[in-house]
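Chemist: Structure: my_file.txt, compact mmCIF, C-alpha atoms.
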# COMPACT_ATOMS: atom_id res chain seq x y z
CA MET N 4 -16.87 13.27 -40.72
CA PHE N 5 -13.54 11.80 -39.53
CA SER N 6 -10.78 11.09 -42.03
CA SER N 7 -9.76 7.44 -42.38
CA ASN N 8 -6.51 8.08 -40.47
CA VAL N 9 -8.31 9.76 -37.57
CA ALA N 10 -10.90 6.98 -37.47
CA LYS N 11 -8.15 4.34 -37.38
CA HIS N 12 -6.45 6.18 -34.51
CA ILE N 13 -9.71 6.39 -32.56
CA ASN N 14 -10.45 2.71 -33.12
CA ALA N 15 -6.92 1.75 -32.06
CA SER N 16 -7.19 3.88 -28.91
CA VAL N 17 -10.55 2.33 -27.99
CA HIS N 18 -9.17 -1.17 -28.58
CA LEU N 19 -6.10 -0.47 -26.43
CA ARG N 20 -8.23 1.03 -23.65
CA LYS N 21 -10.39 -2.12 -23.60
CA GLN N 22 -7.21 -4.21 -23.33
CA ILE N 23 -5.96 -2.09 -20.43
CA MET N 24 -9.26 -2.31 -18.60
CA LYS N 25 -9.00 -6.11 -18.82
CA THR N 26 -5.34 -6.34 -17.87
CA ASN N 27 -4.36 -7.58 -14.47
CA THR N 28 -0.61 -7.38 -15.01
CA VAL N 29 1.77 -4.44 -14.67
CA GLY N 30 5.39 -4.56 -15.79
CA ILE N 31 8.06 -2.87 -13.68
CA ILE N 32 11.46 -1.77 -14.99
CA GLY N 33 13.77 -1.12 -12.06
CA ALA N 34 13.68 -3.26 -8.94
CA GLY N 35 15.11 -0.85 -6.40
CA ALA N 36 13.27 0.51 -3.38
CA ILE N 37 10.62 2.40 -5.38
CA GLY N 38 10.01 -0.46 -7.80
CA GLN N 39 9.65 -2.95 -4.96
CA ALA N 40 7.31 -0.65 -3.02
CA PHE N 41 5.12 -0.22 -6.10
CA ALA N 42 5.13 -3.98 -6.71
CA HIS N 43 4.08 -4.52 -3.10
CA GLN N 44 1.08 -2.23 -3.52
CA LEU N 45 0.08 -3.88 -6.79
CA VAL N 46 0.19 -7.35 -5.26
CA ASN N 47 -1.84 -6.13 -2.27
CA ALA N 48 -4.44 -4.87 -4.76
CA GLY N 49 -4.66 -8.29 -6.40
CA MET N 50 -2.61 -7.40 -9.48
CA ASN N 51 0.05 -9.52 -11.15
CA VAL N 52 3.55 -8.08 -11.47
CA ILE N 53 6.46 -8.70 -13.83
CA LEU N 54 9.53 -7.26 -12.11
CA SER N 55 12.74 -6.62 -14.03
CA ASN N 56 16.16 -5.05 -13.64
CA SER N 57 19.40 -4.74 -15.58
CA ARG N 58 20.94 -7.81 -13.92
CA GLY N 59 18.36 -10.31 -15.11
CA PRO N 60 15.54 -12.39 -13.58
CA ASP N 61 17.78 -14.68 -11.52
CA SER N 62 18.94 -11.72 -9.41
CA LEU N 63 15.38 -11.11 -8.22
CA ALA N 64 14.65 -14.50 -6.64
CA GLU N 65 14.51 -13.25 -3.04
CA VAL N 66 12.42 -10.21 -3.94
CA ILE N 67 9.91 -12.32 -5.86
CA GLU N 68 9.67 -14.81 -3.00
CA ALA N 69 8.87 -11.97 -0.60
CA LEU N 70 6.21 -10.53 -2.93
CA GLY N 71 4.41 -13.86 -3.31
CA ASP N 72 2.64 -15.79 -6.04
CA LYS N 73 1.34 -12.78 -7.95
CA ALA N 74 4.85 -11.59 -8.79
CA ARG N 75 7.36 -13.06 -11.20
CA ALA N 76 10.73 -11.98 -12.48
CA GLY N 77 11.26 -11.22 -16.14
CA THR N 78 13.53 -9.45 -18.55
CA VAL N 79 13.12 -5.74 -19.25
CA GLN N 80 11.60 -6.68 -22.60
CA GLN N 81 9.04 -8.95 -20.93
CA ALA N 82 8.10 -6.29 -18.40
CA ALA N 83 7.73 -3.72 -21.17
CA GLU N 84 5.20 -5.90 -23.00
CA ALA N 85 2.56 -5.30 -20.31
CA GLU N 86 -0.17 -2.82 -21.22
CA ILE N 87 0.88 -0.65 -18.27
CA VAL N 88 4.59 -0.37 -17.45
CA PHE N 89 6.23 1.38 -14.49
CA ILE N 90 9.83 2.60 -14.65
CA SER N 91 11.83 3.57 -11.57
CA THR N 92 15.44 3.15 -12.68
CA ASN N 93 18.32 5.35 -11.53
CA TRP N 94 18.42 8.33 -13.84
CA ASN N 95 21.80 7.51 -15.36
CA ARG N 96 20.42 4.11 -16.45
CA THR N 97 17.01 5.20 -17.68
CA GLU N 98 17.81 5.95 -21.32
CA ALA N 99 19.60 2.61 -21.72
CA ALA N 100 16.74 0.75 -20.00
CA LEU N 101 14.27 2.18 -22.52
CA SER N 102 16.48 1.67 -25.57
CA GLY N 103 15.10 -0.65 -28.24
CA LEU N 104 11.67 -1.17 -26.68
CA ASN N 105 8.65 -1.00 -28.99
CA TRP N 106 5.77 0.73 -27.20
CA GLU N 107 2.90 0.87 -29.71
CA GLY N 108 0.85 3.21 -27.53
CA ARG N 109 1.15 1.34 -24.26
CA ILE N 110 1.25 3.33 -21.02
CA LEU N 111 4.57 4.09 -19.34
CA ILE N 112 4.34 5.37 -15.76
CA ASP N 113 7.47 7.43 -15.20
CA ALA N 114 8.54 7.36 -11.56
CA THR N 115 12.14 8.36 -12.24
CA ASN N 116 13.86 11.45 -10.86
CA PRO N 117 16.79 13.16 -12.63
CA VAL N 118 19.16 12.88 -9.68
CA LEU N 119 22.91 12.43 -10.07
CA LEU N 120 24.81 10.78 -7.22
CA PRO N 121 26.66 11.55 -5.09
CA GLY N 122 25.37 14.94 -4.13
CA TYR N 123 21.77 14.67 -5.34
CA THR N 124 22.33 17.20 -8.11
CA LEU N 125 20.02 17.80 -11.06
CA ALA N 126 21.05 16.13 -14.31
CA ASP N 127 21.50 18.25 -17.43
CA LEU N 128 18.13 17.94 -19.17
CA GLY N 129 18.77 20.37 -22.01
CA GLY N 130 16.06 22.82 -20.99
CA LYS N 131 13.33 20.20 -20.61
CA ASN N 132 12.01 18.30 -17.62
CA SER N 133 12.85 14.67 -16.97
CA SER N 134 9.54 13.22 -18.15
CA GLN N 135 9.83 15.06 -21.45
CA ARG N 136 13.19 13.31 -21.85
CA VAL N 137 11.65 9.95 -20.92
CA SER N 138 8.93 10.57 -23.50
CA GLU N 139 11.63 11.07 -26.14
CA TRP N 140 13.49 7.92 -25.11
CA ALA N 141 10.28 5.87 -25.09
CA ALA N 142 8.91 7.02 -28.44
CA GLY N 143 5.44 5.59 -29.00
CA ALA N 144 4.61 5.27 -25.30
CA ARG N 145 1.93 7.34 -23.60
CA VAL N 146 3.96 8.64 -20.69
CA VAL N 147 2.32 9.52 -17.38
CA LYS N 148 4.49 10.99 -14.64
CA ALA N 149 3.31 9.51 -11.33
CA PHE N 150 4.40 7.96 -8.03
CA ASN N 151 7.81 9.69 -8.11
CA THR N 152 7.13 12.21 -5.35
CA LEU N 153 6.72 9.73 -2.49
CA LEU N 154 9.67 8.29 -0.62
CA ALA N 155 9.95 4.52 -1.00
CA ASN N 156 9.10 3.80 2.63
CA VAL N 157 5.99 5.99 2.34
CA LEU N 158 4.93 4.44 -0.97
CA ALA N 159 5.17 1.00 0.64
CA GLN N 160 2.82 1.91 3.50
CA ASP N 161 -0.92 1.32 3.53
CA PRO N 162 -2.35 4.18 1.42
CA SER N 163 -5.40 4.34 3.70
CA GLN N 164 -4.41 6.87 6.35
CA SER N 165 -6.31 8.96 8.92
CA GLY N 166 -9.67 8.17 7.38
CA GLY N 167 -8.52 9.11 3.89
CA ARG N 168 -6.25 8.03 1.04
CA ARG N 169 -2.64 8.98 0.37
CA VAL N 170 -2.28 11.34 -2.60
CA VAL N 171 -0.26 10.67 -5.73
CA PHE N 172 0.30 13.37 -8.34
CA MET N 173 0.25 12.70 -12.05
CA SER N 174 0.78 14.57 -15.29
CA GLY N 175 0.76 13.63 -18.95
CA ASP N 176 -0.28 14.61 -22.44
CA HIS N 177 -2.80 11.80 -23.01
CA ALA N 178 -6.08 12.13 -21.09
CA ASP N 179 -7.06 8.50 -21.65
CA ALA N 180 -3.71 7.25 -20.32
CA LYS N 181 -4.04 9.43 -17.22
CA ALA N 182 -7.55 8.07 -16.69
CA ASP N 183 -6.18 4.53 -16.74
CA VAL N 184 -3.38 5.39 -14.31
CA GLU N 185 -5.91 7.10 -12.04
CA GLU N 186 -8.02 3.94 -12.13
CA LEU N 187 -4.96 1.87 -11.25
CA ALA N 188 -4.06 4.21 -8.39
CA THR N 189 -7.61 4.02 -7.06
CA ARG N 190 -7.52 0.24 -7.21
CA MET N 191 -4.33 0.34 -5.16
CA GLY N 192 -6.00 2.60 -2.58
CA PHE N 193 -4.50 5.98 -3.52
CA ALA N 194 -6.16 9.28 -4.40
CA SER N 195 -4.76 11.02 -7.47
CA ILE N 196 -4.40 14.67 -8.46
CA ASP N 197 -3.98 15.54 -12.15
CA LEU N 198 -1.49 18.36 -12.68
CA GLY N 199 -2.00 18.70 -16.43
CA SER N 200 0.57 18.26 -19.17
CA LEU N 201 4.06 16.79 -18.89
CA GLU N 202 5.50 20.22 -19.63
CA ILE N 203 3.74 21.83 -16.67
CA GLY N 204 3.11 19.02 -14.21
CA GLY N 205 6.43 17.35 -14.87
CA TYR N 206 8.28 20.35 -13.47
CA LEU N 207 6.08 20.45 -10.36
CA GLN N 208 6.76 16.77 -9.66
CA GLN N 209 10.44 16.72 -10.54
CA PHE N 210 13.12 16.05 -7.94
CA PRO N 211 15.28 18.00 -7.51
CA GLY N 212 13.65 21.32 -8.31
CA GLY N 213 9.90 20.88 -8.03
CA PRO N 214 7.77 21.79 -5.00
CA LEU N 215 5.92 18.46 -4.68
CA PRO N 216 8.53 15.72 -4.05
CA ALA N 217 8.37 14.19 -0.55
CA LEU N 218 5.06 15.94 0.11
CA ASN N 219 2.90 13.38 1.92
CA LEU N 220 -0.76 14.37 1.67
CA VAL N 221 -3.94 12.50 2.54
CA LYS N 222 -7.26 13.18 0.82
CA LEU N 223 -10.05 12.82 3.34
CA ALA N 224 -13.23 11.04 2.30
How does the structure come out when it is put into structure tokens?
Modeler:
Amino acid sequence: MFSSNVAKHINASVHLRKQIMKTNTVGIIGAGAIGQAFAHQLVNAGMNVILSNSRGPDSLAEVIEALGDKARAGTVQQAAEAEIVFISTNWNRTEAALSGLNWEGRILIDATNPVLLPGYTLADLGGKNSSQRVSEWAAGARVVKAFNTLLANVLAQDPSQSGGRRVVFMSGDHADAKADVEELATRMGFASIDLGSLEIGGYLQQFPGGPLPALNLVKLA
């Protein structure tokens, strides 16, 4: 017999999963090359996009026009209110971008990499990997590391290649959240590979340092 607290958690998770299955909108925090490539794939899959950056919605007019009617510009707060949110900010801006946002169990796809410019050196992560840090900064979010290992120009390409589908790696500590991100990736035309927990998979995916970044694989049908 479940305790009342466990039962409430299960009911809340089921309710949130139903909401996510119905959602047709993804919020994006960070409108650089990766964020725009991801938005492009979402729009191609028939999804709606709320794109945001640190400079405000007016700065995104040309990008939104290029993406078409399914995309609109918003504030970071507005993007973060979507049931699935994608973050692809520069590492030195990521903590600030996540500051003050109330997650309430929504999914955060972490596509950031802990790179310091110039020089492409690894940021000081205090003995953890970057997605573990993102999980701390976005308390209450169900973080899934995904889509960070592909270069922007590759991510923007048709994921159907050579009779198969381009592979995206993912890791996270919430099986239901990973299932939803896998479903989203499939809808966009990608094949996904689950690497396990953030602690393990996050290191494999991390750039610099991990073995998987820039690896461009196709899963044949």
Chemist: Pull the closest atom pair for each residue of stretch 115-167 of chain N that gets at most 10 Å from stretch 190-212 of chain N, along with the distance in Å to one decimal, counting all atoms listed in the file, ordering rows by chain and then ascending residue number, as JSON lines.
Modeler:
{"residue": "N:Thr115", "atom": "CA", "partner": "N:Gln209", "partner_atom": "CA", "distance": 8.7}
{"residue": "N:Asn116", "atom": "CA", "partner": "N:Phe210", "partner_atom": "CA", "distance": 5.5}
{"residue": "N:Pro117", "atom": "CA", "partner": "N:Phe210", "partner_atom": "CA", "distance": 6.6}
{"residue": "N:Val118", "atom": "CA", "partner": "N:Pro211", "partner_atom": "CA", "distance": 6.8}
{"residue": "N:Leu119", "atom": "CA", "partner": "N:Pro211", "partner_atom": "CA", "distance": 9.8}
{"residue": "N:Tyr123", "atom": "CA", "partner": "N:Pro211", "partner_atom": "CA", "distance": 7.6}
{"residue": "N:Thr124", "atom": "CA", "partner": "N:Pro211", "partner_atom": "CA", "distance": 7.1}
{"residue": "N:Leu125", "atom": "CA", "partner": "N:Pro211", "partner_atom": "CA", "distance": 5.9}
{"residue": "N:Ala126", "atom": "CA", "partner": "N:Pro211", "partner_atom": "CA", "distance": 9.1}
{"residue": "N:Lys131", "atom": "CA", "partner": "N:Glu202", "partner_atom": "CA", "distance": 7.9}
{"residue": "N:Asn132", "atom": "CA", "partner": "N:Tyr206", "partner_atom": "CA", "distance": 5.9}
{"residue": "N:Ser133", "atom": "CA", "partner": "N:Gln209", "partner_atom": "CA", "distance": 7.2}
{"residue": "N:Ser134", "atom": "CA", "partner": "N:Gly205", "partner_atom": "CA", "distance": 6.1}
{"residue": "N:Gln135", "atom": "CA", "partner": "N:Leu201", "partner_atom": "CA", "distance": 6.5}
{"residue": "N:Ser138", "atom": "CA", "partner": "N:Leu201", "partner_atom": "CA", "distance": 9.1}
{"residue": "N:Val146", "atom": "CA", "partner": "N:Leu201", "partner_atom": "CA", "distance": 8.3}
{"residue": "N:Val147", "atom": "CA", "partner": "N:Leu201", "partner_atom": "CA", "distance": 7.6}
{"residue": "N:Lys148", "atom": "CA", "partner": "N:Gly205", "partner_atom": "CA", "distance": 6.7}
{"residue": "N:Ala149", "atom": "CA", "partner": "N:Gln208", "partner_atom": "CA", "distance": 8.2}
{"residue": "N:Phe150", "atom": "CA", "partner": "N:Gln208", "partner_atom": "CA", "distance": 9.3}
{"residue": "N:Asn151", "atom": "CA", "partner": "N:Gln208", "partner_atom": "CA", "distance": 7.3}
{"residue": "N:Thr152", "atom": "CA", "partner": "N:Gln208", "partner_atom": "CA", "distance": 6.3}
{"residue": "N:Leu158", "atom": "CA", "partner": "N:Phe193", "partner_atom": "CA", "distance": 9.9}
{"residue": "N:Asp161", "atom": "CA", "partner": "N:Gly192", "partner_atom": "CA", "distance": 8.0}
{"residue": "N:Pro162", "atom": "CA", "partner": "N:Gly192", "partner_atom": "CA", "distance": 5.6}
{"residue": "N:Ser163", "atom": "CA", "partner": "N:Gly192", "partner_atom": "CA", "distance": 6.5}
{"residue": "N:Gln164", "atom": "CA", "partner": "N:Phe193", "partner_atom": "CA", "distance": 9.9}
{"residue": "N:Gly167", "atom": "CA", "partner": "N:Ala194", "partner_atom": "CA", "distance": 8.6}
Chemist: Kindly indicate which residue among N:Gly35, N:Gly166, N:Ser62, N:Ile110 lies nearest to N:Asp179, using all atoms listed in the file for the distances.
Modeler: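 Result for the nearest residue to N:Asp179: N:Ile110.
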Chemist: How many Å separate atom CA of N:Thr28 from atom CA of N:Glu98?
Modeler: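 Interatomic distance, atom CA of N:Thr28 to atom CA of N:Glu98: 23.6 Å.
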Chemist: Atom CA of N:Pro121 and atom CA of N:Gln80, how far apart in Å?
Modeler: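 These two atoms are separated by 29.4 Å.
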Chemist: Which protein, DNA or RNA residues are at most 7 Å from (8.9, -0.1, -13.3) in the file's coordinates when you count all atoms listed in the file, listed as a list in words?
Modeler: Gly30, Ile31, Ile32, Gly33, Gly38, Val88, Phe89, Ile90 and Ser91 of chain N
Chemist: Between N:Ala36, N:Asn27, N:Ala144, N:Thr92, single out the one closest to N:Ala48, counting all atoms listed in the file.
Modeler: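 The answer is N:Asn27, which sits nearest to N:Ala48.
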Chemist: Measure the distance from atom CA of N:Gly77 to atom CA of N:Asn56 in Å and round it to one decimal.
Modeler: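 Taking atom CA of N:Gly77 as the start and atom CA of N:Asn56 as the end point, the length is 8.3 Å.
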Chemist: Find the spatial neighbours of N:Ala159, counting all atoms listed in the file, within a cut-off of 9 Å - ignore same-chain residues fewer than 4 positions away - and output them as a list in words.
Modeler: Ile37, Gln39, Ala40, Phe41, Ala42, His43, Gln44, Leu154 and Ala155 of chain N
Chemist: With all atoms listed in the file as the basis for distance, which of N:Met173, N:Ala34, N:Val184, N:Met50 is at the shortest distance from N:Leu63?
Modeler: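 Selected residue with least distance to N:Leu63: N:Ala34.
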Chemist: Contacts of N:Ala74 at 8 Å or less, counting only C-alpha atoms, minus same-chain residues fewer than 3 places along, as a CSV table (one decimal) with C-alpha atoms, in the coordinates of the input?
Modeler:
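Writing the result to around.csv gives the following:
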chain,number,residue,atom,x,y,z
N,42,ALA,CA,5.1,-4.0,-6.7
N,46,VAL,CA,0.2,-7.4,-5.3
N,51,ASN,CA,0.0,-9.5,-11.2
N,52,VAL,CA,3.6,-8.1,-11.5
N,53,ILE,CA,6.5,-8.7,-13.8
N,54,LEU,CA,9.5,-7.3,-12.1
N,67,ILE,CA,9.9,-12.3,-5.9
N,70,LEU,CA,6.2,-10.5,-2.9
N,71,GLY,CA,4.4,-13.9,-3.3
Chemist: Taking 2 positions as the minimum chain separation for residues in the same chain, which residues sit within 7 Å of N:Glu107 when counting all atoms listed in the file? Answer as a ChimeraX atom specification.
Modeler: /N:105,109,143-144
Chemist: With all atoms listed in the file as the basis for distance, which of N:Leu215, N:Leu45, N:Leu104, N:Ile87 is at the shortest distance from N:Thr189?
Modeler: N:Leu45
